[in-house]
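A.B. asks: Got a structure here, written out as structure tokens. Questions coming.
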Amino acid sequence: GDSVTQTEGQVTVSESKSLIINCTYSTTSIAYPNLFWYVRYPGEGLQLLLKVITAGQKGSSRGFEATYNKETTSFHLQKASVQESDSAVYYCALAHDTNAYKVIFGKGTHLHVLP
Amino acid sequence: DMKVTQMPRYLIKRMGENVLLECGQDMSHETMYWYRQDPGLGLQLIYISYDVDSNSEGDIPKGYRVSRKKREHFSLILDSAKTNQTSVYFCASSAGTGAERLFFGHGTKLSVL
């Protein structure tokens, strides 16, 4: 079946430093999946951060970027300069248009930004 | 207002008790979901509801059942709760499918003692 693997556990970064959270996916489908990053801020539910449905394209939101790389089956999340308010749990996810009700999530990466 | 509301936020129950988790959404979304998340694991899909009285098992339905009598409301029921059902439960909704976008509630932290 499909799976998503992302940087595990907690990542600690000082404010204004750069960030990368790794995400790779595996799929048994011949079709390319839609890829997502969701974020859960403290005390809130998960919310969509960005989404890319076409291989080779880049998505961006709130200063974060992720590029859909079908060759390496990766969708890493990057930010050039993090802020303390970015502290949250980040989830990489995939879904296929052919079985679109089934969204596969990674385990989540807890980002802690030091002031 | 684009909101998914879960009640309660925190719940403590004893093993063998029945548990009702409730979820509402104000977006008239057809599709609703129940997930659980345990430490070190991703979100696991329990049930999907495609619309009123149209529900389907997800990956881990054992020990759970659901009810959807109104489009805006989706309940998760644990009959005779077990300690291994201690978890954080998330409800979500989508206008079409998850391949578009999911809207999540804040979650319910359930402890079964």
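How things are named: the first chain in the structure tokens is A, the next is B, and so on; residues count from 1 in each chain; ligands count from 1 in the order shown.
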Based on only C-alpha atoms, which of the residues in chain B come within 12 Å of chain A? I want them as a PyMOL selection string.
C.D. replies: chain B and resi 2-6+9+30-50+55-59+88-109
A.B. asks: Just the strand (DSSP E or B) stuff from chain B, please, per backbone DSSP, written as an NGL selection string.
C.D. replies: :B and (4-7 or 10-13 or 19-25 or 31-37 or 43-51 or 54-57 or 65-70 or 73-78 or 87-94 or 103-104 or 108-112)
A.B. asks: I'd like to know which of B:Met27, B:Glu22, B:Ser87, B:Leu11 is closest to B:Arg68, using only C-alpha atoms.
C.D. replies: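 So, comparing all the options, the nearest one is B:Glu22.
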A.B. asks: My list of candidates is A:Thr72, A:Thr24, A:Ser14, A:Ser29. Which is closest to A:Gly1 when distances are computed with only C-alpha atoms?
C.D. replies: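 Of all the options, A:Ser29 lies closest to A:Gly1.
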A.B. asks: Using atom CA of A:Ala80 and atom CA of A:Glu15 as the two end points, give the distance in Å to one decimal.
C.D. replies: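 Atom CA of A:Ala80 sits 10.5 Å away from atom CA of A:Glu15.
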A.B. asks: As a compact mmCIF listing (two decimals) with all heavy atoms, in the first residue's frame, please: all residues of chain A that backbone DSSP puts in helix (DSSP H, G or I).
C.D. replies:
```txt
# COMPACT_ATOMS: atom_id res chain seq x y z
N GLU A 84 9.33 32.17 15.75
CA GLU A 84 8.85 31.43 16.91
C GLU A 84 7.42 30.96 16.70
O GLU A 84 7.03 29.88 17.16
CB GLU A 84 8.96 32.30 18.17
CG GLU A 84 8.87 31.53 19.46
CD GLU A 84 9.10 32.39 20.68
OE1 GLU A 84 9.46 33.57 20.51
OE2 GLU A 84 8.92 31.88 21.79
N SER A 85 6.63 31.74 15.99
CA SER A 85 5.23 31.38 15.74
C SER A 85 5.06 30.18 14.80
O SER A 85 3.94 29.68 14.62
CB SER A 85 4.48 32.58 15.15
OG SER A 85 5.10 33.00 13.95
N ASP A 86 6.15 29.72 14.21
CA ASP A 86 6.09 28.52 13.36
C ASP A 86 6.14 27.23 14.19
O ASP A 86 6.00 26.13 13.63
CB ASP A 86 7.26 28.50 12.37
CG ASP A 86 7.16 29.61 11.34
OD1 ASP A 86 6.03 29.97 10.95
OD2 ASP A 86 8.22 30.12 10.93
N ASP A 97 -6.34 10.69 -6.59
CA ASP A 97 -7.64 11.04 -7.15
C ASP A 97 -8.50 9.80 -7.35
O ASP A 97 -9.72 9.87 -7.29
CB ASP A 97 -7.47 11.76 -8.49
CG ASP A 97 -7.03 13.20 -8.29
OD1 ASP A 97 -7.33 13.77 -7.23
OD2 ASP A 97 -6.39 13.75 -9.20
N THR A 98 -7.86 8.65 -7.59
CA THR A 98 -8.61 7.43 -7.85
C THR A 98 -9.17 6.82 -6.58
O THR A 98 -10.10 6.03 -6.64
CB THR A 98 -7.72 6.40 -8.55
OG1 THR A 98 -6.53 6.26 -7.78
CG2 THR A 98 -7.39 6.84 -9.96
N ASN A 99 -8.61 7.16 -5.44
CA ASN A 99 -9.14 6.66 -4.16
C ASN A 99 -9.04 7.80 -3.17
O ASN A 99 -8.37 7.70 -2.15
CB ASN A 99 -8.34 5.45 -3.69
CG ASN A 99 -8.92 4.84 -2.42
OD1 ASN A 99 -10.06 5.13 -2.05
ND2 ASN A 99 -8.14 4.03 -1.74
```
A.B. asks: Skip B:Val66 itself and residues of its chain fewer than 5 positions away, then list as a PyMOL selection string all residues within 7 Å of it, counting only C-alpha atoms.
C.D. replies: chain B and resi 75-77
A.B. asks: For the residues in the current selection, export C-alpha atoms as a PDB file, in the first residue's frame.
C.D. replies:
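What landed in out_29.pdb:
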```pdb
ATOM      1  CA  SER B  75     -20.695  10.772  15.993  1.00  0.00           C
ATOM      2  CA  LEU B  76     -18.138   8.168  17.041  1.00  0.00           C
ATOM      3  CA  ILE B  77     -19.302   5.581  19.564  1.00  0.00           C
TER       4      ILE B  77
END
```
A.B. asks: Report, in Å with one decimal, the straight-line distance from atom CA of B:Gly63 to atom CA of B:Met7.
C.D. replies: 19.7 Å
A.B. asks: Give the answer as one residue: which of A:Val113, A:His76, A:Gln83, A:Thr54 has the shortest atom-to-atom distance to A:Tyr32, using only C-alpha atoms?
C.D. replies: A:Thr54
